[in-house]
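Take a look at the structure set out below.
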Amino acid sequence: MTVTAEFERALRLHQQGKLREAFLRYDAIIQADPRHAAALHYSGVVLYQAGKHVEAIERIRASLGVDPGAADAWSNLALALEAIDRREAAINALKQATRISAKSPDLWTNLAAAEHSAGREQDAETSARSALAADATHAPAWHNLALVLAARGRVLEALDAASRATGLAPAEPSYAGHRAQLELGIGRAEAAKATLEAALARKPADVALRYELAGTLERLRDPAAAAAAYEQVLRLDAHHGAALSQLLLLRQQSADWHDLRSLRDRFTAGVAAGTPLLSPFVLLSQPSTRAQQRRCAEAWAKALAPPAAPVPRALSGSRIKLGYLSADFHTHATAFLAAGMFEQHDRSRFEVFAYSTGPDDGSPMRARLVRAFDRFVDAAGWTPQRIAEAIGRDGIDILVDLKGHTEGAPPSVLASRPAPIQVHYLGYPGTLGGGLVDYLIGDDVVTPLDHAGDYAETLAILPGSYQINDRTRPIAEPPSRAELGLPDSATVFCCFNNTYKLNPEVFDAWSEILAATPGSVLWLLAPAGQLPIVANLRAEIARRGVDAQRIVFASARPNADYLGLYRHADLFLDTWPYNAHTTASDALWAGCPVLTWRGETFAGRVAASLLQAVGLPDLVTATRDGYVRNAVELARDRTALGRLRTHLEGPGRASALFDTAATTTAIEAAYLMMADQYRRRIRAPFRVVPSA
């Protein structure tokens, strides 16, 4: 058999997927003719397909030594180089391929994709347009152009390119998915839904499209349809961690608990098995241990944002450059807590920057926050790489993440390690895992040092409570009890926590409290327009033998008006395993006592920390039964409730919990300790000593 015939036979075997047989035949050809360029090239491709990337590079380079004009060999060399993360070398290989075959839209498209992956967006746009110059009907080129334009912030142009890609290749799910993402990004949720439904009509079993549709339906405030879509995803892929997470969260947000136990069991089993993309935030509101929460966070971070190695550099001289990263610099709970801290930072020691990845809502709070920083960077819509580059250019010494694993968080920014020291504070009550940050700021209640093994970060312990508060918040005079639908004289228990913190176990306890205190009512917060939630919660309390009308619902309102509602509440009943956090501080600031059951996780110990700092440790119970008993006893003792309110309106308001200046000083002391440890090349847990 001639060498040509032998090569054709090897190539047929290769095309049939018989890699081992093909490789042996290619190898035999090379033994006979060491300069057989095609055999060297395609044996390298087999090695690449087998995961032997270094060997593949050697073979393909050998083929190019014989035939440097083979554009497809340069292209395949680029694939192997990318596989070992040699991006620049891969880009150079693709450039050589386009020099040889300048009219190939595929090669230009591949080059655009590689340049986009490396963050070289201007070059990537040029390459994508070169592909389209070669063939204006090349759908992958339009798709890559859409990706690049989106990364450059040119969203409408990107949407036009994505629409062209889907028009040319309507059966390609990734094109439809990207188009829908762009439509969502400019507020066209109905258009995104239509795009996804059209794509799913062609490929109904596509998991990625089905998952994206579920998220779009959530954005359209159709929780029932969203839940059904997540259920479909799980039928297609039983181990889809993200869909399971969102379905579980949606059930709790909707107060639909019919399958809560089974969803929890699946989630917990998934954490133990290392299922990727199970949300650590969702786990906070489920019965779980600190160790489980860390395991979940580590897996989440590893899947979404594998961290880069820190690059050591000298810190700034006289003033530390302090950067805060958050999507919540607008009318948001975090902003209400922390605005005073941003304003009161010691400018002789710190230059304070904000990197805002969330919306500008045009509110007075947004304006206040912009004024509070030395530099406010509106990074909404920026790619994580662009944000990280900005942080690096600004020379930030200490980057403080205020989001953690909550909605809108940019973990990829932290993973790229743009600052020498990275810290997590306030926004997420748990470990981030994955080496995303160096320190976690807590206190002796939420993160005692004997819990340190359950946190990926080094613990920085503040005196008193870790939670900053703004003592300038106004409290509006509320409407009367009657106007709010409350009884004039009976006990009003309240809990204005988000619905996802409610659960059957909490409702069991609350029903016992209501049954033991005739005439009392439970006052909850109802999200606007969510009548099914009201119906579900009333059905749950009725199922426990309590008149459903004893639950009263308040609507959302501006912060000062919302705080005023607590004037009519006798006792705030906390939730578990995820406590009230900002809401507990709200209640205490407005003079309403809070009763909590201290748990074992950060999320379940926050209210205990706040009560300790405000001077009411007796309202922290050690058991569930003690929680119920104390609630009933307080409801029957108006004098005791009066004493608690008097304390909150006097010593409580003057307590450490609401001393913005003192907590800011303690946090600054923590930052200075971190900087000192960095300079000395050590990192160890520490406590901040209260200033005299």
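All residue names refer to the structure tokens as shown: chains lettered A, B, ... in order, residues numbered from 1 in each chain, ligands numbered from 1 in order.
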Go through stretch 320-382 of chain A and flag each residue having an atom no more than 12 Å from stretch 667-672 of chain A; for those, report the closest pair of atoms plus their distance in Å to one decimal, using only C-alpha atoms, ordered by chain and rising number, as a Markdown table.
```
| residue | atom | partner | partner_atom | distance |
| --- | --- | --- | --- | --- |
| A:Ile320 | CA | A:Leu672 | CA | 8.5 |
| A:Lys321 | CA | A:Tyr671 | CA | 10.6 |
| A:Leu322 | CA | A:Tyr671 | CA | 8.9 |
| A:Gly323 | CA | A:Tyr671 | CA | 11.4 |
| A:Ala338 | CA | A:Ile667 | CA | 11.7 |
| A:Met341 | CA | A:Ile667 | CA | 9.2 |
| A:Phe342 | CA | A:Glu668 | CA | 11.0 |
| A:Gln344 | CA | A:Glu668 | CA | 10.4 |
| A:His345 | CA | A:Glu668 | CA | 7.6 |
| A:Asp346 | CA | A:Glu668 | CA | 8.2 |
| A:Arg347 | CA | A:Glu668 | CA | 10.9 |
| A:Ser348 | CA | A:Glu668 | CA | 11.7 |
| A:Arg349 | CA | A:Glu668 | CA | 8.9 |
| A:Phe350 | CA | A:Glu668 | CA | 8.7 |
| A:Glu351 | CA | A:Glu668 | CA | 11.8 |
| A:Val352 | CA | A:Glu668 | CA | 11.6 |
```
- Do a neighbour search on stretch 366-368 of chain A at 12 Å with only C-alpha atoms, toss out local chain neighbours closer than 6 positions, and write the hits as a PyMOL selection string. chain A and resi 327-332+335-336+338-340+342-343+354+356+358-360+376+378
File dump, residues just selected, N, CA and C atoms, as a short mmCIF file (atom, residue, chain, number, x, y, z; two decimals), in the first residue's frame:
```
data_model
loop_
_atom_site.label_atom_id
_atom_site.label_comp_id
_atom_site.auth_asym_id
_atom_site.auth_seq_id
_atom_site.Cartn_x
_atom_site.Cartn_y
_atom_site.Cartn_z
N ALA A 327 -22.64 46.06 44.57
CA ALA A 327 -23.74 46.40 43.66
C ALA A 327 -24.85 47.13 44.39
N ASP A 328 -24.61 47.48 45.67
CA ASP A 328 -25.69 48.00 46.52
C ASP A 328 -25.52 49.46 46.89
N PHE A 329 -24.83 50.23 46.06
CA PHE A 329 -24.67 51.66 46.34
C PHE A 329 -25.87 52.43 45.80
N HIS A 330 -27.02 52.17 46.38
CA HIS A 330 -28.28 52.83 46.02
C HIS A 330 -29.23 52.59 47.18
N THR A 331 -30.51 52.69 46.97
CA THR A 331 -31.47 52.46 48.06
C THR A 331 -31.50 50.97 48.37
N HIS A 332 -30.71 50.58 49.36
CA HIS A 332 -30.52 49.17 49.68
C HIS A 332 -30.14 49.06 51.15
N ALA A 335 -26.58 49.90 52.10
CA ALA A 335 -26.31 51.34 52.06
C ALA A 335 -26.85 52.03 53.31
N PHE A 336 -28.03 51.64 53.76
CA PHE A 336 -28.58 52.28 54.96
C PHE A 336 -27.71 52.00 56.19
N ALA A 338 -24.31 51.32 56.09
CA ALA A 338 -22.90 51.69 55.97
C ALA A 338 -22.64 53.11 55.51
N ALA A 339 -23.64 53.86 55.11
CA ALA A 339 -23.40 55.20 54.57
C ALA A 339 -22.61 56.07 55.54
N GLY A 340 -22.96 56.02 56.82
CA GLY A 340 -22.26 56.83 57.81
C GLY A 340 -20.79 56.45 57.92
N PHE A 342 -18.84 55.23 55.49
CA PHE A 342 -18.12 55.78 54.34
C PHE A 342 -17.81 57.26 54.57
N GLU A 343 -18.79 57.97 55.12
CA GLU A 343 -18.60 59.41 55.36
C GLU A 343 -17.56 59.69 56.45
N ALA A 354 -15.07 53.87 45.77
CA ALA A 354 -16.22 52.97 45.58
C ALA A 354 -16.19 52.44 44.16
N SER A 356 -18.93 50.64 41.98
CA SER A 356 -20.35 50.31 42.01
C SER A 356 -20.73 49.50 40.78
N GLY A 358 -23.79 48.04 40.56
CA GLY A 358 -25.25 48.00 40.52
C GLY A 358 -25.84 49.24 39.87
N PRO A 359 -27.16 49.36 39.92
CA PRO A 359 -27.82 50.47 39.21
C PRO A 359 -27.71 51.79 39.95
N ASP A 360 -27.82 52.86 39.19
CA ASP A 360 -28.00 54.20 39.75
C ASP A 360 -29.50 54.46 39.76
N PHE A 376 -15.81 57.86 43.25
CA PHE A 376 -16.92 56.92 43.06
C PHE A 376 -16.90 56.48 41.59
N ASP A 378 -18.62 54.40 38.75
CA ASP A 378 -19.84 53.72 38.33
C ASP A 378 -19.44 52.66 37.31
#
```
Out of stretch 284-326 of chain A, which residues get alpha helix (DSSP H) from DSSP, as an mmCIF file with C-alpha atoms, in the first residue's frame?
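The file below, selection09.cif, is the result:
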```
data_model
loop_
_atom_site.group_PDB
_atom_site.id
_atom_site.type_symbol
_atom_site.label_atom_id
_atom_site.label_comp_id
_atom_site.auth_asym_id
_atom_site.auth_seq_id
_atom_site.Cartn_x
_atom_site.Cartn_y
_atom_site.Cartn_z
ATOM 1 C CA LEU A 284 -27.702 29.871 54.469
ATOM 2 C CA ARG A 290 -20.737 25.761 59.146
ATOM 3 C CA ALA A 291 -18.700 22.924 57.632
ATOM 4 C CA GLN A 292 -21.391 22.273 55.003
ATOM 5 C CA GLN A 293 -21.573 25.975 54.212
ATOM 6 C CA ARG A 294 -17.817 26.129 53.701
ATOM 7 C CA ARG A 295 -17.839 23.046 51.480
ATOM 8 C CA CYS A 296 -20.604 24.569 49.361
ATOM 9 C CA ALA A 297 -18.836 27.942 49.102
ATOM 10 C CA GLU A 298 -15.548 26.307 48.120
ATOM 11 C CA ALA A 299 -17.222 24.345 45.309
ATOM 12 C CA TRP A 300 -19.114 27.433 44.123
ATOM 13 C CA ALA A 301 -15.996 29.592 44.018
ATOM 14 C CA LYS A 302 -13.988 26.886 42.285
ATOM 15 C CA ALA A 303 -16.608 26.537 39.547
ATOM 16 C CA LEU A 304 -17.288 30.235 38.985
#
```
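The residue that comes closest to A:Asn498, out of A:Met673, A:Val207, A:Ala584, A:Leu200 and on the basis of only C-alpha atoms, is A:Ala584.
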- Among the residues A:Trp510, A:Tyr500, A:Tyr455, A:Trp589, the one that comes closest to A:Ile533 [using only C-alpha atoms]: A:Tyr500
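Here atom CA of A:Leu196 is placed at a distance of 18.5 Å from atom CA of A:Gln246.
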- For A:Pro593, list every protein, DNA or RNA residue within 7 Å, evaluated using only C-alpha atoms, and leave out those in the same chain fewer than 4 positions away; present the list as JSON, numbers by chain. {"A": [571, 572, 587, 588, 644, 645]}
- In Å to one decimal, how far is atom CA of A:Pro558 from atom CA of A:Arg481? 18.3 Å
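Among the candidates A:His568, A:His647, A:Lys193, A:Arg202, the one nearest to A:Ala225 when counting only C-alpha atoms is A:Lys193.
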- What is the distance between atom CA of A:Thr216 and atom CA of A:Ala112, in Å to one decimal? 28.9 Å
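The smallest atom-to-atom distance between A:Glu190 and any of A:Leu220, A:Ala476, A:Ala214, A:Ala314, using only C-alpha atoms, is found for A:Leu220.
Backbone DSSP over stretch 489-651 of chain A gives strand (DSSP E or B) for Val492, Phe493, Cys494, Cys495, Val521, Leu522, Trp523, Leu524, Leu525, Ala526, Ile551, Val552, Phe553, Ala554, Ser555, Leu571, Phe572, Leu573, Val594, Leu595, Thr596, Trp597, Val620 and Thr621 of chain A.
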Would you write out those residues with C-alpha atoms, as a short mmCIF file (atom, residue, chain, number, x, y, z; two decimals), in the first residue's frame?
```cif
data_model
loop_
_atom_site.label_atom_id
_atom_site.label_comp_id
_atom_site.auth_asym_id
_atom_site.auth_seq_id
_atom_site.Cartn_x
_atom_site.Cartn_y
_atom_site.Cartn_z
CA VAL A 492 -48.50 42.76 67.83
CA PHE A 493 -45.69 40.35 66.98
CA CYS A 494 -43.81 41.35 63.88
CA CYS A 495 -41.19 40.00 61.49
CA VAL A 521 -51.47 39.13 65.65
CA LEU A 522 -48.44 38.42 63.52
CA TRP A 523 -47.37 41.32 61.29
CA LEU A 524 -45.39 40.37 58.19
CA LEU A 525 -44.11 42.12 55.10
CA ALA A 526 -45.81 41.29 51.80
CA ILE A 551 -51.61 37.43 60.06
CA VAL A 552 -51.56 41.07 58.99
CA PHE A 553 -49.46 42.25 56.07
CA ALA A 554 -47.60 45.52 55.62
CA SER A 555 -46.57 46.82 52.22
CA LEU A 571 -41.97 42.29 69.80
CA PHE A 572 -39.96 41.28 66.73
CA LEU A 573 -39.90 37.48 66.36
CA VAL A 594 -36.12 41.55 69.11
CA LEU A 595 -36.34 37.97 70.36
CA THR A 596 -33.92 35.49 68.77
CA TRP A 597 -32.73 31.92 69.06
CA VAL A 620 -31.13 35.73 73.13
CA THR A 621 -32.46 32.23 73.79
#
```
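Distance check against A:Ala608 using only C-alpha atoms: of A:Ala661, A:Ala675, A:Val445, A:Arg544, the minimum falls on A:Val445.
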- For A:Val688, work out the shell of residues within 8 Å, counting only C-alpha atoms and skipping chain neighbours fewer than 3 positions away, then give it as a ChimeraX atom specification. /A:460-463,666,669-670
Just C-alpha atoms for this one: save the residues we selected as a PDB file, in the first residue's frame.
```
ATOM      1  CA  ALA A 460     -10.715  39.795  62.099  1.00  0.00           C
ATOM      2  CA  ILE A 461     -12.759  40.225  65.283  1.00  0.00           C
ATOM      3  CA  LEU A 462     -14.296  43.607  66.073  1.00  0.00           C
ATOM      4  CA  PRO A 463     -15.249  44.655  69.599  1.00  0.00           C
ATOM      5  CA  ALA A 666     -12.648  49.766  64.998  1.00  0.00           C
ATOM      6  CA  ALA A 669      -8.022  49.600  63.138  1.00  0.00           C
ATOM      7  CA  ALA A 670      -8.719  46.209  61.544  1.00  0.00           C
TER       8      ALA A 670
END
```
Give me, as a Markdown table, each residue of stretch 306-405 of chain A that comes within 9 Å of stretch 146-152 of chain A, together with its shortest interatomic pair and the distance in Å at one decimal, counting only C-alpha atoms, with rows ordered by chain and rising residue number.
```
| residue | atom | partner | partner_atom | distance |
| --- | --- | --- | --- | --- |
| A:Gly381 | CA | A:Ala151 | CA | 8.7 |
| A:Trp382 | CA | A:Ala151 | CA | 7.3 |
| A:Thr383 | CA | A:Ala151 | CA | 6.2 |
| A:Arg386 | CA | A:Ala151 | CA | 9.0 |
```
Just write the chosen residues, N, CA and C atoms, as a PDB file, in the first residue's frame.
```pdb
ATOM      1  N   GLY A 381     -22.381  47.370  34.412  1.00  0.00           N
ATOM      2  CA  GLY A 381     -22.263  46.866  33.058  1.00  0.00           C
ATOM      3  C   GLY A 381     -20.844  46.537  32.629  1.00  0.00           C
ATOM      4  N   TRP A 382     -19.869  46.843  33.467  1.00  0.00           N
ATOM      5  CA  TRP A 382     -18.479  46.532  33.113  1.00  0.00           C
ATOM      6  C   TRP A 382     -18.232  45.035  33.254  1.00  0.00           C
ATOM      7  N   THR A 383     -17.297  44.534  32.459  1.00  0.00           N
ATOM      8  CA  THR A 383     -16.873  43.151  32.639  1.00  0.00           C
ATOM      9  C   THR A 383     -16.034  43.049  33.914  1.00  0.00           C
ATOM     10  N   ARG A 386     -12.530  44.337  33.357  1.00  0.00           N
ATOM     11  CA  ARG A 386     -12.394  45.795  33.313  1.00  0.00           C
ATOM     12  C   ARG A 386     -12.427  46.386  34.718  1.00  0.00           C
TER      13      ARG A 386
END
```
